[in-house]
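**Student:** See run_37.txt below, with compact mmCIF, C-alpha atoms and all ligand atoms.
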```txt
# COMPACT_ATOMS: atom_id res chain seq x y z
CA MET A 1111 6.99 164.53 137.00
CA ASP A 1112 4.30 167.08 136.04
CA MET A 1113 1.08 166.31 134.15
CA THR A 1114 2.51 167.23 130.73
CA GLN A 1115 5.56 165.02 131.20
CA GLN A 1116 3.33 162.20 132.41
CA GLN A 1117 1.09 162.55 129.34
CA GLN A 1118 4.13 162.61 127.03
CA GLN A 1119 5.52 159.46 128.67
CA GLN A 1120 2.19 157.67 128.30
CA GLN A 1121 2.02 158.73 124.64
CA THR A 1122 5.53 157.42 123.84
CA GLU A 1123 4.80 154.19 125.69
CA ALA A 1124 1.56 153.70 123.76
CA GLU A 1125 3.32 154.53 120.46
CA GLN A 1126 6.07 151.97 121.04
CA ALA A 1127 3.59 149.28 122.14
CA ALA A 1128 1.44 149.97 119.05
CA LEU A 1129 4.44 149.90 116.72
CA TRP A 1130 5.84 146.59 117.99
CA ASN A 1131 2.39 145.00 118.11
CA GLY A 1132 1.62 146.34 114.65
CA ARG A 1133 3.70 147.07 111.55
CA ALA A 1134 7.19 146.76 113.08
CA GLY A 1135 6.41 143.55 114.99
CA HIS A 1136 4.88 141.83 111.97
CA ALA A 1137 7.77 142.95 109.74
CA TRP A 1138 10.26 141.44 112.21
CA VAL A 1139 8.30 138.17 112.29
CA ASP A 1140 8.22 138.04 108.46
CA ALA A 1141 11.94 138.82 108.18
CA GLN A 1142 12.96 136.68 111.17
CA GLU A 1143 15.32 134.34 109.30
CA LEU A 1144 17.08 137.17 107.46
CA LEU A 1145 17.42 139.35 110.58
CA ASP A 1146 18.71 136.45 112.67
CA ALA A 1147 21.33 135.71 110.01
CA ILE A 1148 22.46 139.37 109.87
CA LEU A 1149 22.55 139.67 113.67
CA ARG A 1150 24.14 136.25 114.27
CA PRO A 1151 27.53 137.69 115.37
CA PHE A 1152 25.74 139.51 118.20
CA GLU A 1153 23.92 136.34 119.28
CA ASP A 1154 27.29 134.55 119.42
CA ARG A 1155 28.80 137.34 121.51
CA LEU A 1156 25.96 137.25 124.07
CA VAL A 1157 26.17 133.45 124.28
CA ASP A 1158 29.92 133.82 124.98
CA GLU A 1159 29.14 136.33 127.73
CA VAL A 1160 26.63 133.94 129.33
CA ARG A 1161 29.11 131.04 129.05
CA ALA A 1162 31.78 133.13 130.79
CA GLY A 1163 29.33 134.08 133.55
CA SER A 1164 28.58 130.41 134.45
CA VAL A 1165 24.97 131.22 135.33
CA GLN A 1166 21.68 129.31 135.60
CA ARG A 1167 18.82 131.73 134.99
CA VAL A 1168 19.04 134.43 132.33
CA LEU A 1169 16.61 137.18 131.33
CA ASP A 1170 16.65 138.30 127.66
CA VAL A 1171 15.09 141.78 127.39
CA GLY A 1172 13.22 142.79 124.22
CA CYS A 1173 13.80 139.23 123.02
CA GLY A 1174 11.67 139.63 119.89
CA THR A 1175 11.27 136.37 117.97
CA GLY A 1176 13.62 134.69 120.44
CA ALA A 1177 16.91 133.89 118.66
CA THR A 1178 19.13 134.90 121.58
CA THR A 1179 16.76 133.43 124.18
CA LEU A 1180 16.87 130.07 122.37
CA ALA A 1181 20.65 130.19 121.88
CA VAL A 1182 21.19 130.83 125.60
CA ALA A 1183 18.62 128.18 126.56
CA ARG A 1184 20.50 125.67 124.35
CA LEU A 1185 23.73 126.55 126.16
CA LEU A 1186 22.15 126.25 129.63
CA ALA A 1187 20.11 123.09 128.95
CA GLY A 1188 22.91 120.76 130.05
CA ALA A 1189 23.38 122.63 133.33
CA ARG A 1190 19.63 122.58 134.06
CA GLY A 1191 19.52 126.32 133.55
CA SER A 1192 16.96 128.30 131.57
CA CYS A 1193 16.39 131.54 129.71
CA VAL A 1194 13.33 133.76 129.95
CA GLY A 1195 12.58 136.22 127.14
CA VAL A 1196 10.46 139.30 127.77
CA ASP A 1197 8.97 141.36 124.97
CA ILE A 1198 6.14 143.84 124.50
CA SER A 1199 5.15 142.46 121.08
CA GLN A 1200 2.49 139.75 120.96
CA PRO A 1201 3.25 138.59 117.39
CA MET A 1202 6.98 138.39 118.11
CA VAL A 1203 6.49 136.49 121.38
CA ALA A 1204 4.08 134.10 119.64
CA ALA A 1205 6.78 133.35 117.04
CA ALA A 1206 9.38 132.90 119.78
CA ARG A 1207 7.15 130.49 121.74
CA GLU A 1208 6.55 128.41 118.62
CA ARG A 1209 10.28 128.15 117.95
CA ALA A 1210 10.97 127.13 121.57
CA GLN A 1211 8.26 124.47 121.45
CA GLN A 1212 9.60 123.04 118.19
CA GLU A 1213 13.13 122.91 119.55
CA GLY A 1214 12.24 121.70 123.04
CA VAL A 1215 14.78 123.94 124.80
CA PRO A 1216 14.39 125.42 128.32
CA ALA A 1217 13.15 128.81 127.15
CA SER A 1218 9.99 130.60 128.22
CA PHE A 1219 8.52 133.95 127.32
CA ILE A 1220 6.65 136.80 129.02
CA CYS A 1221 4.69 139.19 126.85
CA ALA A 1222 5.01 142.45 128.82
CA ASP A 1223 6.60 145.87 129.01
CA ALA A 1224 10.01 145.20 130.58
CA GLN A 1225 10.01 148.71 132.04
CA ARG A 1226 7.04 147.98 134.28
CA HIS A 1227 6.58 144.21 134.52
CA ALA A 1228 6.59 142.85 138.09
CA PHE A 1229 9.40 140.30 137.71
CA GLU A 1230 10.08 138.11 140.69
CA PRO A 1231 12.68 140.11 142.65
CA ALA A 1232 16.31 138.92 142.55
CA SER A 1233 15.37 135.97 140.33
CA PHE A 1234 17.92 136.24 137.47
CA ASP A 1235 21.67 135.55 137.45
CA MET A 1236 22.20 137.59 134.31
CA VAL A 1237 20.30 140.08 132.13
CA ILE A 1238 21.08 140.24 128.41
CA SER A 1239 19.68 142.03 125.40
CA ARG A 1240 20.33 142.15 121.67
CA PHE A 1241 19.07 145.60 120.71
CA GLY A 1242 15.96 145.33 122.91
CA VAL A 1243 16.64 148.08 125.49
CA MET A 1244 16.40 151.27 123.40
CA PHE A 1245 12.63 151.67 123.34
CA PHE A 1246 11.75 152.62 126.93
CA ASP A 1247 9.93 155.89 127.61
CA SER A 1248 11.74 156.08 130.97
CA PRO A 1249 15.09 154.25 130.65
CA VAL A 1250 15.94 154.91 134.32
CA GLN A 1251 12.70 153.27 135.48
CA ALA A 1252 13.28 150.39 133.05
CA PHE A 1253 16.87 149.66 134.09
CA GLU A 1254 15.85 149.98 137.75
CA ASN A 1255 13.11 147.43 137.20
CA LEU A 1256 15.61 145.08 135.51
CA ARG A 1257 18.11 145.59 138.35
CA GLN A 1258 15.45 144.58 140.86
CA ALA A 1259 14.81 141.41 138.84
CA ALA A 1260 18.54 140.60 139.04
CA ARG A 1261 20.10 138.99 142.10
CA GLY A 1262 23.02 140.76 143.83
CA GLY A 1263 26.15 140.37 141.68
CA ALA A 1264 24.21 139.52 138.50
CA LEU A 1265 25.70 140.88 135.28
CA LEU A 1266 24.01 143.02 132.65
CA ARG A 1267 25.20 142.58 129.07
CA ALA A 1268 23.18 144.59 126.55
CA LEU A 1269 23.89 145.57 122.94
CA ALA A 1270 22.74 148.93 121.60
CA TRP A 1271 23.53 150.97 118.50
CA ARG A 1272 26.02 153.82 118.56
CA SER A 1273 25.17 157.04 116.66
CA PRO A 1274 23.50 157.29 113.23
CA ALA A 1275 26.71 158.96 111.95
CA GLU A 1276 28.69 155.83 112.87
CA ASN A 1277 26.04 153.58 111.29
CA PRO A 1278 25.56 154.99 107.76
CA PHE A 1279 24.09 151.71 106.50
CA MET A 1280 21.22 152.01 108.99
CA THR A 1281 20.24 155.48 107.78
CA THR A 1282 20.88 155.07 104.03
CA ALA A 1283 17.24 154.31 103.21
CA GLU A 1284 15.77 157.25 105.09
CA ARG A 1285 18.35 159.74 103.79
CA ALA A 1286 17.71 158.66 100.19
CA ALA A 1287 13.92 158.52 100.54
CA ALA A 1288 13.48 161.73 102.56
CA PRO A 1289 12.71 164.01 99.56
CA LEU A 1290 10.10 161.51 98.32
CA LEU A 1291 8.52 160.82 101.73
CA PRO A 1292 8.19 164.25 103.37
CA ASN A 1293 5.91 162.88 106.11
CA MET A 1294 8.51 160.41 107.35
CA PRO A 1295 9.00 161.21 111.07
CA ALA A 1296 12.47 162.64 111.82
CA ARG A 1297 14.52 160.79 114.42
CA GLN A 1298 14.80 162.71 117.71
CA PRO A 1299 18.16 162.23 119.49
CA GLY A 1300 17.68 160.26 122.70
CA ALA A 1301 13.98 159.52 122.04
CA PRO A 1302 12.85 155.88 122.27
CA GLY A 1303 14.05 154.11 119.14
CA GLN A 1304 17.04 152.48 117.47
CA PHE A 1305 19.57 155.17 118.51
CA ALA A 1306 18.18 156.07 121.96
CA LEU A 1307 21.31 154.80 123.75
CA ALA A 1308 23.85 156.17 121.28
CA ASP A 1309 25.31 158.65 123.78
CA ARG A 1310 27.74 156.79 126.04
CA GLU A 1311 27.64 159.40 128.84
CA ARG A 1312 23.87 159.26 128.90
CA VAL A 1313 23.85 155.45 129.07
CA SER A 1314 26.33 155.61 131.92
CA SER A 1315 24.20 158.06 133.91
CA ILE A 1316 21.00 156.05 133.22
CA LEU A 1317 22.68 152.95 134.66
CA GLU A 1318 24.09 154.86 137.63
CA GLU A 1319 20.71 156.45 138.40
CA SER A 1320 18.98 153.09 138.19
CA GLY A 1321 21.36 151.58 140.74
CA TRP A 1322 23.70 149.42 138.62
CA THR A 1323 27.39 149.32 139.53
CA GLY A 1324 30.60 148.32 137.69
CA ILE A 1325 29.44 150.17 134.59
CA ASP A 1326 31.60 149.40 131.58
CA ILE A 1327 30.48 150.50 128.12
CA GLN A 1328 32.71 149.29 125.29
CA PRO A 1329 32.47 150.07 121.57
CA MET A 1330 32.01 147.01 119.39
CA ASP A 1331 32.32 147.10 115.59
CA VAL A 1332 30.94 144.07 113.83
CA GLU A 1333 31.07 143.14 110.15
CA CYS A 1334 27.57 142.11 109.05
CA ALA A 1335 26.39 140.68 105.74
CA MET A 1336 23.24 139.66 103.88
CA PRO A 1337 22.60 138.27 100.40
CA GLU A 1338 22.12 141.07 97.85
CA LYS A 1339 18.88 139.41 96.71
CA ASP A 1340 17.39 140.16 100.15
CA LEU A 1341 18.25 143.87 100.20
CA ASN A 1342 14.97 145.14 98.71
CA GLY A 1343 12.93 142.95 101.05
CA TYR A 1344 14.96 144.36 103.94
CA PHE A 1345 14.45 148.08 103.33
CA THR A 1346 10.88 147.82 102.05
CA ARG A 1347 9.75 146.19 105.31
CA LEU A 1348 12.06 147.47 108.05
CA GLY A 1349 13.13 150.83 109.46
CA PRO A 1350 11.34 154.15 108.95
CA VAL A 1351 11.19 153.74 105.15
CA GLY A 1352 9.89 150.17 105.40
CA LEU A 1353 7.16 151.31 107.79
CA MET A 1354 6.15 154.14 105.43
CA LEU A 1355 6.18 151.88 102.36
CA GLN A 1356 3.92 149.34 104.07
CA GLU A 1357 1.23 152.07 104.02
CA GLU A 1358 2.05 153.78 100.70
CA PRO A 1359 -1.02 153.44 98.43
CA ASP A 1360 0.57 155.07 95.36
CA GLU A 1361 2.31 152.31 93.36
CA ARG A 1362 4.29 154.78 91.23
CA LYS A 1363 5.62 156.57 94.32
CA ARG A 1364 6.47 153.19 95.87
CA ALA A 1365 8.44 152.12 92.79
CA GLN A 1366 10.26 155.47 92.72
CA VAL A 1367 11.25 155.17 96.40
CA ILE A 1368 12.45 151.59 95.92
CA GLU A 1369 14.58 152.55 92.90
CA THR A 1370 16.08 155.59 94.66
CA VAL A 1371 16.85 153.74 97.89
CA ARG A 1372 18.29 150.68 96.13
CA ALA A 1373 20.71 152.96 94.22
CA ALA A 1374 21.78 154.61 97.49
CA PHE A 1375 22.76 151.21 98.93
CA GLU A 1376 25.16 150.54 96.02
CA PRO A 1377 28.33 151.42 98.03
CA PHE A 1378 27.51 148.51 100.37
CA VAL A 1379 27.06 145.91 97.61
CA ARG A 1380 29.96 143.51 97.02
CA GLY A 1381 28.96 141.10 94.23
CA ASP A 1382 26.09 138.95 95.51
CA GLU A 1383 26.47 140.23 99.08
CA VAL A 1384 25.71 143.39 101.02
CA ARG A 1385 28.29 144.18 103.69
CA PHE A 1386 28.31 146.83 106.40
CA THR A 1387 29.87 147.59 109.75
CA ALA A 1388 27.54 147.71 112.75
CA ALA A 1389 28.83 150.25 115.29
CA CYS A 1390 27.47 149.29 118.70
CA TRP A 1391 27.98 149.48 122.44
CA LEU A 1392 28.39 146.44 124.61
CA ILE A 1393 26.87 147.78 127.79
CA GLY A 1394 28.12 146.02 130.90
CA ALA A 1395 27.12 146.49 134.53
CA GLN A 1396 26.56 144.52 137.73
CA ALA A 1397 23.64 144.51 140.16
CA PRO A 1398 24.88 145.53 143.61
CA PHE A 1399 24.85 143.05 146.51
CA ALA A 1400 22.11 144.02 148.97
C1 LIG A 1501 15.23 145.71 117.48
S1 LIG A 1501 14.11 144.50 118.10
C2 LIG A 1501 15.26 143.27 118.72
C3 LIG A 1501 14.61 141.93 118.92
C4 LIG A 1501 15.54 140.81 119.40
N1 LIG A 1501 16.25 141.15 120.60
C5 LIG A 1501 16.50 140.40 118.32
O1 LIG A 1501 17.68 140.71 118.42
O2 LIG A 1501 16.05 139.76 117.35
C6 LIG A 1501 13.57 145.30 119.59
C7 LIG A 1501 12.63 144.50 120.44
O3 LIG A 1501 12.34 145.21 121.65
C8 LIG A 1501 10.97 145.02 121.97
N2 LIG A 1501 10.51 146.06 122.89
C9 LIG A 1501 10.32 147.38 122.63
N3 LIG A 1501 9.90 148.02 123.74
C10 LIG A 1501 9.83 147.09 124.73
C11 LIG A 1501 9.46 147.14 126.11
N4 LIG A 1501 9.08 148.29 126.69
N5 LIG A 1501 9.48 145.98 126.82
C12 LIG A 1501 9.85 144.81 126.23
N6 LIG A 1501 10.20 144.71 124.94
C13 LIG A 1501 10.21 145.83 124.19
C14 LIG A 1501 10.29 145.02 120.61
O4 LIG A 1501 9.01 144.45 120.65
C15 LIG A 1501 11.30 144.23 119.78
O5 LIG A 1501 11.03 142.87 119.80
```
Show this structure as structure tokens.
Ligand SMILES: C[S@@+](CC[C@H](N)C(=O)[O-])C[C@H]1O[C@@H](n2cnc3c(N)ncnc32)[C@H](O)[C@@H]1O
**Tutor:**
Amino acid sequence: MDMTQQQQQQQTEAEQAALWNGRAGHAWVDAQELLDAILRPFEDRLVDEVRAGSVQRVLDVGCGTGATTLAVARLLAGARGSCVGVDISQPMVAAARERAQQEGVPASFICADAQRHAFEPASFDMVISRFGVMFFDSPVQAFENLRQAARGGALLRALAWRSPAENPFMTTAERAAAPLLPNMPARQPGAPGQFALADRERVSSILEESGWTGIDIQPMDVECAMPEKDLNGYFTRLGPVGLMLQEEPDERKRAQVIETVRAAFEPFVRGDEVRFTAACWLIGAQAPFA
């Protein structure tokens, strides 16, 4: 890697860390209950995967406020197993730790960059993630680091979004608000962010290069829902528009964006509910035996 590439990587890494420790992290903590309810089907799927794996020690990557870590810890409690969540965001890990303490389940948390953290080698029976593996500046380095944390034969089960075109709900706000928010950063295909792992071939080669075997990437379409009354709170806090609105000083502009974006979501509203299909990958792989 030359100097320019190294500088770019450091910049992306710093940007992601700042985002998740700043506006995005706090927004996720504030909206934790709503997001956990929307993403519940994915939590259930990962818990099923862990149950099928009959494992003891699980690593949850990009665990955020800890819903999946806690759900897996609940499952493993009887078998004296445990789940460790790793996340780069201090506010999100603090929220996760508080939840674990209140519940008294065998879950613990590491606040660190999963791409670089020195995990104990070969210490996990399974590595899972609910949308927490798309933000690495070097995905190959990150998945290699996770593979080294996994024992030989350990399974990887990670969920990531497919393309923006297949997930129109996820891009509705930014498409509608774009003319009003010209400074909103455009998404770069493959760059760290929500859709970084949208390209199946790329995901496959990242996993191959980082030493995982048995690579199996399956599409997964999941019906998600939220109460209509929560829609404005959702798009005014989360995603690129939410992040811009958090810093918008002009109240009239803010109101105009909210009105425009809310109207654009109308096709997803069904009475008092908002419904959409989440188009994702279930990324599966296995750590090789030494
Ligand atoms: C979309 S959120 C998902 C959170 C959680 N898995 C859930 O489903 O509620 C992505 C998470 O990845 C975390 N993250 C981003 N980059 C990371 C990195 N390099 N190492 C560890 N966590 C990271 C963020 O802080 C955030 O909590």
**Student:** What is the atom CA of A:Val1237-atom CA of A:Ala1252 distance in Å, reported with one decimal?
**Tutor:** 12.5 Å
**Student:** Using all atoms listed in the file, which residues sit within 12 Å of stretch 1291-1297 of chain A once same-chain residues fewer than 3 positions away are excluded, as a ChimeraX atom specification?
**Tutor:** /A:1273-1274,1281,1283-1288,1300-1306,1349-1355,1357-1358,1360,1363-1364,1366-1368,1370-1371
**Student:** For each of A:Gly1242, A:Pro1337, A:Pro1299, A:Gly1188, take the minimum atom-to-atom distance to ligand LIG 1501 (chain A), counting only C-alpha atoms and all ligand atoms, then give the residue where this is smallest.
**Tutor:** A:Gly1242
**Student:** Build an axis-aligned box that encloses every atom of ligand LIG 1501 (chain A) listed in the file, pad it by 5 Å on each side, and report its centre and edge lengths in Å to one decimal, as JSON.
**Tutor:**
```
{"center_x": 13.3, "center_y": 144.0, "center_z": 122.1, "size_x": 18.7, "size_y": 18.5, "size_z": 19.5}
```
**Student:** Smallest atom-to-atom distance to ligand LIG 1501 (chain A): which of A:Pro1216, A:Gly1176, A:Gly1132, A:Gly1163, using all atoms listed in the file?
**Tutor:**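 Of A:Pro1216, A:Gly1176, A:Gly1132, A:Gly1163, the one nearest ligand LIG 1501 (chain A) is A:Gly1176, counting all atoms listed in the file.
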**Student:** Let me make sure I understand: among A:Leu1265, A:Val1250, A:Met1236, A:Ala1177, which one has the smallest atom-to-atom distance to A:Glu1143 if we use only C-alpha atoms?
**Tutor:**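 The closest residue to A:Glu1143 is A:Ala1177.
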**Student:** Given the choices A:Glu1230, A:Glu1319, A:Glu1123, A:Glu1213, which gets closest to ligand LIG 1501 (chain A) if the distance is worked out from all atoms listed in the file?
**Tutor:**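 Closest to ligand LIG 1501 (chain A), using all atoms listed in the file: A:Glu1123.
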**Student:** List as a CSV table (one decimal) with C-alpha atoms, in the coordinates of the input the protein and nucleic acid residues lying within 9 Å of ligand LIG 1501 (chain A), with all atoms listed in the file counted.
**Tutor:**
```
chain,number,residue,atom,x,y,z
A,1123,GLU,CA,4.8,154.2,125.7
A,1126,GLN,CA,6.1,152.0,121.0
A,1127,ALA,CA,3.6,149.3,122.1
A,1129,LEU,CA,4.4,149.9,116.7
A,1130,TRP,CA,5.8,146.6,118.0
A,1131,ASN,CA,2.4,145.0,118.1
A,1134,ALA,CA,7.2,146.8,113.1
A,1135,GLY,CA,6.4,143.6,115.0
A,1138,TRP,CA,10.3,141.4,112.2
A,1142,GLN,CA,13.0,136.7,111.2
A,1145,LEU,CA,17.4,139.4,110.6
A,1146,ASP,CA,18.7,136.4,112.7
A,1149,LEU,CA,22.6,139.7,113.7
A,1150,ARG,CA,24.1,136.2,114.3
A,1152,PHE,CA,25.7,139.5,118.2
A,1153,GLU,CA,23.9,136.3,119.3
A,1170,ASP,CA,16.6,138.3,127.7
A,1171,VAL,CA,15.1,141.8,127.4
A,1172,GLY,CA,13.2,142.8,124.2
A,1173,CYS,CA,13.8,139.2,123.0
A,1174,GLY,CA,11.7,139.6,119.9
A,1175,THR,CA,11.3,136.4,118.0
A,1176,GLY,CA,13.6,134.7,120.4
A,1177,ALA,CA,16.9,133.9,118.7
A,1178,THR,CA,19.1,134.9,121.6
A,1179,THR,CA,16.8,133.4,124.2
A,1195,GLY,CA,12.6,136.2,127.1
A,1196,VAL,CA,10.5,139.3,127.8
A,1197,ASP,CA,9.0,141.4,125.0
A,1198,ILE,CA,6.1,143.8,124.5
A,1199,SER,CA,5.2,142.5,121.1
A,1200,GLN,CA,2.5,139.8,121.0
A,1201,PRO,CA,3.2,138.6,117.4
A,1202,MET,CA,7.0,138.4,118.1
A,1203,VAL,CA,6.5,136.5,121.4
A,1221,CYS,CA,4.7,139.2,126.8
A,1222,ALA,CA,5.0,142.4,128.8
A,1223,ASP,CA,6.6,145.9,129.0
A,1224,ALA,CA,10.0,145.2,130.6
A,1225,GLN,CA,10.0,148.7,132.0
A,1226,ARG,CA,7.0,148.0,134.3
A,1227,HIS,CA,6.6,144.2,134.5
A,1239,SER,CA,19.7,142.0,125.4
A,1240,ARG,CA,20.3,142.2,121.7
A,1241,PHE,CA,19.1,145.6,120.7
A,1242,GLY,CA,16.0,145.3,122.9
A,1243,VAL,CA,16.6,148.1,125.5
A,1244,MET,CA,16.4,151.3,123.4
A,1245,PHE,CA,12.6,151.7,123.3
A,1246,PHE,CA,11.8,152.6,126.9
A,1247,ASP,CA,9.9,155.9,127.6
A,1252,ALA,CA,13.3,150.4,133.0
A,1302,PRO,CA,12.8,155.9,122.3
A,1303,GLY,CA,14.0,154.1,119.1
A,1304,GLN,CA,17.0,152.5,117.5
```
**Student:** To one decimal place in Å, what is the distance between atom CA of A:Arg1380 and atom CA of A:Leu1348?
**Tutor:**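 Taking atom CA of A:Arg1380 and atom CA of A:Leu1348, their separation equals 21.4 Å.
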**Student:** Please provide the set of residues having any atom within 10 Å of A:Pro1231, restricted to all atoms listed in the file, with same-chain residues fewer than 2 positions apart removed, written as a list in words.
**Tutor:** Ala1228, Phe1229, Ser1233, Phe1234, Asn1255, Leu1256, Arg1257, Gln1258, Ala1259, Ala1260 and Arg1261 of chain A
**Student:** Could you write those residues out with C-alpha atoms, as a JSON list (two decimals), in the frame of the given file?
**Tutor:**
```json
[["chain", "number", "residue", "atom", "x", "y", "z"],
["A", 1228, "ALA", "CA", 6.59, 142.85, 138.09],
["A", 1229, "PHE", "CA", 9.40, 140.30, 137.71],
["A", 1233, "SER", "CA", 15.37, 135.97, 140.33],
["A", 1234, "PHE", "CA", 17.92, 136.24, 137.47],
["A", 1255, "ASN", "CA", 13.11, 147.43, 137.20],
["A", 1256, "LEU", "CA", 15.61, 145.08, 135.51],
["A", 1257, "ARG", "CA", 18.11, 145.59, 138.35],
["A", 1258, "GLN", "CA", 15.45, 144.58, 140.86],
["A", 1259, "ALA", "CA", 14.81, 141.41, 138.84],
["A", 1260, "ALA", "CA", 18.54, 140.60, 139.04],
["A", 1261, "ARG", "CA", 20.10, 138.99, 142.10]]
```
**Student:** Measure the distance from atom CA of A:Leu1317 to atom CA of A:Val1168 in Å and round it to one decimal.
**Tutor:**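 Interatomic distance here is 19.0 Å.
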**Student:** May I have the residues within 12 Å of A:Ser1315 as a PyMOL selection string, using only C-alpha atoms and disregarding those fewer than 3 positions away in the same chain?
**Tutor:** chain A and resi 1249-1250+1253+1307+1309-1312+1318-1323+1325-1327+1395
**Student:** Using all atoms listed in the file for the distances, tell me which of A:Val1160, A:Ala1232, A:Val1139, A:Ala1264 is nearest to A:Ala1205.
**Tutor:**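 Looking only at the distances to A:Ala1205, the closest residue turns out to be A:Val1139.
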**Student:** Of the residues A:Ser1248, A:Ser1218, A:Gln1396, A:Asn1277, which is the one nearest to A:Thr1122, using all atoms listed in the file?
**Tutor:**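 Nearest to A:Thr1122: A:Ser1248.
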**Student:** Which polymer residues have any atom within 10 Å of an atom of A:Lys1339, counting all atoms listed in the file, with same-chain residues fewer than 5 positions away left out, as a PDB file with C-alpha atoms, in the frame of the given file?
**Tutor:**
```
ATOM      1  CA  TYR A1344      14.960 144.360 103.940  1.00  0.00           C
ATOM      2  CA  ASP A1382      26.090 138.950  95.510  1.00  0.00           C
ATOM      3  CA  GLU A1383      26.470 140.230  99.080  1.00  0.00           C
ATOM      4  CA  VAL A1384      25.710 143.390 101.020  1.00  0.00           C
TER       5      VAL A1384
END
```
**Student:** Tell me which protein, DNA and RNA residues are within 8 Å of A:Arg1385, counting all atoms listed in the file, leaving out same-chain ones fewer than 3 positions away, and put them as a PyMOL selection string.
**Tutor:** chain A and resi 1333-1336+1378-1380
